[in-house]
Amino acid sequence: ARLMLNSQAVRVGFVTQLLWPRYGRFWQQLAEAAGAESVFPDLAGVSAALHDEAVRNVPGAAFRLAAAQAVSLAEEVDVLVVPRLNRESEVARGAGQDPWISDFPGALQSAVPGLPAIRPVLAELDAGVETEAVAFLQSLTREAALVGRVWSRVRSQLKPYKPAPVTWNY
């Protein structure tokens with residue numbers, strides 16, 4: 001991974017396949033406010049990555065597409081932002097037995113060699129997000145004063161995800 005130089009922004013890749021509407025905009029704003037460059041997967045790169053042997057072995061279409069996004073970004077970014085799908089307290093129940101659900105970032109790193117640093121982030125933006133947001137900012141910049149300024153600016157825009165109301169048409 002490249003070191004951040006004053007003249008060169010850290011390039012942050014975002015895996016958008018899983019729960020992006022819940023968490024993505026917040027973490028993207030945080031990265032960009034810290035001076036990082038956001039990089040997103042494109043269709044051609046993801047299509048090509050679907051032929052990668054490691055990606056083909058990922059179970060489930062949604063996880064396979066997420067892995068293909070990660071592979072497509074691997075050469076272009078310094079760090080990959082991926083969602084943690086479950087909180088630690090939820091992991092012991094039901095689907096939490098599946099490593100792709102209980103620890104998506106870890107399963108991705110284990111299954112797909114050659115990825116850049118993976119930065120797991122909360123998909124649920126609630127009271128617990130501040131600690132993670134500050135740590136995320138500290139990983140992007142070593143300037144403590146900047147971390148505080150960026151967090152205070154972005155925190156005001158933090159709103160929990162609310163799905164659109166369901167309307168029934170008869």
# chains A, B, ... in the order shown; residues from 1 in each chain; ligands from 1
>>> residues_around(residues="Leu19 of chain A", least_positions_apart="5", cutoff="10 Å", atoms="only C-alpha atoms", output="PDB file with N, CA, C and O atoms, in the first residue's frame")
ATOM      1  N   GLY A  24     -23.550   3.892   2.883  1.00  0.00           N
ATOM      2  CA  GLY A  24     -22.553   4.354   1.928  1.00  0.00           C
ATOM      3  C   GLY A  24     -22.296   5.838   1.899  1.00  0.00           C
ATOM      4  O   GLY A  24     -21.150   6.291   1.958  1.00  0.00           O
ATOM      5  N   VAL A  82     -15.735  -1.895   3.323  1.00  0.00           N
ATOM      6  CA  VAL A  82     -16.777  -2.918   3.180  1.00  0.00           C
ATOM      7  C   VAL A  82     -17.632  -2.936   4.445  1.00  0.00           C
ATOM      8  O   VAL A  82     -17.136  -2.666   5.539  1.00  0.00           O
ATOM      9  N   PRO A  83     -18.916  -3.248   4.297  1.00  0.00           N
ATOM     10  CA  PRO A  83     -19.803  -3.209   5.464  1.00  0.00           C
ATOM     11  C   PRO A  83     -19.665  -4.438   6.353  1.00  0.00           C
ATOM     12  O   PRO A  83     -19.419  -5.539   5.872  1.00  0.00           O
ATOM     13  N   ARG A  84     -19.822  -4.208   7.647  1.00  0.00           N
ATOM     14  CA  ARG A  84     -20.045  -5.315   8.570  1.00  0.00           C
ATOM     15  C   ARG A  84     -21.554  -5.510   8.581  1.00  0.00           C
ATOM     16  O   ARG A  84     -22.304  -4.595   8.922  1.00  0.00           O
ATOM     17  N   LEU A  85     -22.002  -6.675   8.188  1.00  0.00           N
ATOM     18  CA  LEU A  85     -23.432  -6.898   7.998  1.00  0.00           C
ATOM     19  C   LEU A  85     -24.169  -7.102   9.307  1.00  0.00           C
ATOM     20  O   LEU A  85     -25.369  -6.848   9.389  1.00  0.00           O
ATOM     21  N   ALA A 123     -22.755  -0.871   9.075  1.00  0.00           N
ATOM     22  CA  ALA A 123     -23.812  -0.614   8.102  1.00  0.00           C
ATOM     23  C   ALA A 123     -24.983   0.099   8.768  1.00  0.00           C
ATOM     24  O   ALA A 123     -25.778   0.740   8.096  1.00  0.00           O
ATOM     25  N   GLU A 124     -25.079  -0.019  10.087  1.00  0.00           N
ATOM     26  CA  GLU A 124     -26.143   0.667  10.834  1.00  0.00           C
ATOM     27  C   GLU A 124     -25.557   1.941  11.422  1.00  0.00           C
ATOM     28  O   GLU A 124     -24.621   1.894  12.206  1.00  0.00           O
TER      29      GLU A 124
END
>>> select_by_dssp(residues="segment 20-95 of chain A", states="alpha helix (DSSP H)", output="PyMOL selection string")
chain A and resi 20-33+43-49+53-56+61-73
>>> atom_distance(atom1="atom CA of Ala135 of chain A", atom2="atom CA of Gly13 of chain A")
17.2 Å
>>> closest_atom_pairs(of="segment 62-145 of chain A", to="segment 43-48 of chain A", cutoff="8 Å", atoms="only C-alpha atoms", output="Markdown table")
| residue | atom | partner | partner_atom | distance |
| --- | --- | --- | --- | --- |
| A:Leu65 | CA | A:Val46 | CA | 7.5 |
| A:Ala68 | CA | A:Val46 | CA | 5.2 |
| A:Gln69 | CA | A:Val46 | CA | 5.3 |
| A:Val71 | CA | A:Val46 | CA | 7.6 |
| A:Ser72 | CA | A:Gly45 | CA | 5.0 |
| A:Leu73 | CA | A:Gly45 | CA | 7.9 |
>>> write_last_selection(atoms="C-alpha atoms", output="PDB file, in the first residue's frame")
ATOM      1  CA  LEU A  65     -20.742  -9.602  -6.868  1.00  0.00           C
ATOM      2  CA  ALA A  68     -15.937  -8.996  -7.827  1.00  0.00           C
ATOM      3  CA  GLN A  69     -16.289  -5.311  -6.919  1.00  0.00           C
ATOM      4  CA  VAL A  71     -11.207  -7.401  -6.988  1.00  0.00           C
ATOM      5  CA  SER A  72     -12.023  -4.783  -9.632  1.00  0.00           C
ATOM      6  CA  LEU A  73     -10.874  -2.024  -7.259  1.00  0.00           C
TER       7      LEU A  73
END
>>> residues_around(residues="Val112 of chain A", least_positions_apart="2", cutoff="12 Å", atoms="only C-alpha atoms", output="MDAnalysis selection string")
chainID A and resid 49:50 52:58 63:64 66:72 74 104:110 114:116 118
>>> write_last_selection(atoms="N, CA and C atoms", output="tab-separated table (two decimals), in the first residue's frame")
chain	number	residue	atom	x	y	z
A	49	ALA	N	-13.84	-9.24	-13.30
A	49	ALA	CA	-13.47	-9.87	-12.03
A	49	ALA	C	-14.33	-11.09	-11.72
A	50	LEU	N	-15.52	-11.16	-12.28
A	50	LEU	CA	-16.38	-12.34	-12.05
A	50	LEU	C	-15.74	-13.61	-12.59
A	52	ASP	N	-12.51	-14.26	-12.19
A	52	ASP	CA	-11.41	-14.59	-11.28
A	52	ASP	C	-11.77	-15.85	-10.51
A	53	GLU	N	-10.82	-16.80	-10.42
A	53	GLU	CA	-11.11	-18.09	-9.78
A	53	GLU	C	-11.59	-17.93	-8.33
A	54	ALA	N	-10.94	-17.06	-7.57
A	54	ALA	CA	-11.34	-16.86	-6.17
A	54	ALA	C	-12.76	-16.32	-6.09
A	55	VAL	N	-13.10	-15.40	-6.98
A	55	VAL	CA	-14.45	-14.81	-6.99
A	55	VAL	C	-15.49	-15.87	-7.35
A	56	ARG	N	-15.17	-16.72	-8.33
A	56	ARG	CA	-16.12	-17.77	-8.74
A	56	ARG	C	-16.45	-18.71	-7.59
A	57	ASN	N	-15.52	-18.86	-6.64
A	57	ASN	CA	-15.74	-19.78	-5.52
A	57	ASN	C	-16.50	-19.16	-4.35
A	58	VAL	N	-16.82	-17.87	-4.44
A	58	VAL	CA	-17.58	-17.21	-3.36
A	58	VAL	C	-19.03	-17.66	-3.45
A	63	PHE	N	-22.81	-11.99	-2.56
A	63	PHE	CA	-21.43	-11.97	-2.05
A	63	PHE	C	-20.43	-12.08	-3.19
A	64	ARG	N	-20.77	-12.87	-4.22
A	64	ARG	CA	-19.88	-13.01	-5.38
A	64	ARG	C	-19.73	-11.66	-6.08
A	66	ALA	N	-20.12	-8.70	-4.69
A	66	ALA	CA	-19.35	-7.84	-3.79
A	66	ALA	C	-17.86	-8.17	-3.91
A	67	ALA	N	-17.52	-9.46	-3.96
A	67	ALA	CA	-16.12	-9.87	-4.11
A	67	ALA	C	-15.56	-9.39	-5.46
A	68	ALA	N	-16.38	-9.47	-6.51
A	68	ALA	CA	-15.94	-9.00	-7.83
A	68	ALA	C	-15.69	-7.49	-7.79
A	69	GLN	N	-16.53	-6.75	-7.06
A	69	GLN	CA	-16.29	-5.31	-6.92
A	69	GLN	C	-14.95	-5.07	-6.23
A	70	ALA	N	-14.69	-5.82	-5.15
A	70	ALA	CA	-13.43	-5.66	-4.42
A	70	ALA	C	-12.23	-5.95	-5.32
A	71	VAL	N	-12.30	-7.04	-6.08
A	71	VAL	CA	-11.21	-7.40	-6.99
A	71	VAL	C	-11.02	-6.32	-8.06
A	72	SER	N	-12.12	-5.79	-8.57
A	72	SER	CA	-12.02	-4.78	-9.63
A	72	SER	C	-11.37	-3.49	-9.14
A	74	ALA	N	-9.04	-3.49	-6.57
A	74	ALA	CA	-7.82	-3.82	-5.84
A	74	ALA	C	-6.58	-3.06	-6.30
A	104	PHE	N	-18.39	-10.62	7.03
A	104	PHE	CA	-18.17	-10.43	5.60
A	104	PHE	C	-16.76	-9.91	5.30
A	105	PRO	N	-16.27	-8.87	6.01
A	105	PRO	CA	-14.91	-8.40	5.70
A	105	PRO	C	-13.85	-9.49	5.86
A	106	GLY	N	-13.94	-10.27	6.94
A	106	GLY	CA	-12.98	-11.35	7.17
A	106	GLY	C	-13.09	-12.45	6.14
A	107	ALA	N	-14.32	-12.83	5.79
A	107	ALA	CA	-14.53	-13.89	4.79
A	107	ALA	C	-13.99	-13.44	3.44
A	108	LEU	N	-14.22	-12.18	3.10
A	108	LEU	CA	-13.72	-11.64	1.83
A	108	LEU	C	-12.20	-11.68	1.79
A	109	GLN	N	-11.57	-11.23	2.87
A	109	GLN	CA	-10.11	-11.21	2.93
A	109	GLN	C	-9.53	-12.62	2.85
A	110	SER	N	-10.19	-13.58	3.50
A	110	SER	CA	-9.71	-14.97	3.47
A	110	SER	C	-9.88	-15.61	2.10
A	114	GLY	N	-4.76	-10.99	-2.37
A	114	GLY	CA	-4.26	-9.84	-3.10
A	114	GLY	C	-5.08	-8.57	-2.96
A	115	LEU	N	-6.03	-8.54	-2.04
A	115	LEU	CA	-6.80	-7.30	-1.86
A	115	LEU	C	-5.99	-6.30	-1.04
A	116	PRO	N	-6.24	-5.02	-1.24
A	116	PRO	CA	-5.58	-4.02	-0.38
A	116	PRO	C	-6.16	-4.10	1.03
A	118	ILE	N	-8.44	-3.85	4.06
A	118	ILE	CA	-9.90	-3.81	4.13
A	118	ILE	C	-10.29	-3.05	5.39
>>> atom_distance(atom1="atom CA of Asp78 of chain A", atom2="atom CA of Asp42 of chain A")
17.1 Å
>>> select_by_dssp(residues="chain A", states="strand (DSSP E or B)", output="count of residues only")
21
>>> atom_distance(atom1="atom CA of Phe136 of chain A", atom2="atom CA of Trp27 of chain A")
8.9 Å
>>> residues_around(residues="Lys162 of chain A", least_positions_apart="2", cutoff="12 Å", atoms="only C-alpha atoms", output="list in words")
Pro21, Arg22, Tyr23, Glu124, Leu125, Asp126, Lys159, Pro160, Ala164, Pro165 and Val166 of chain A
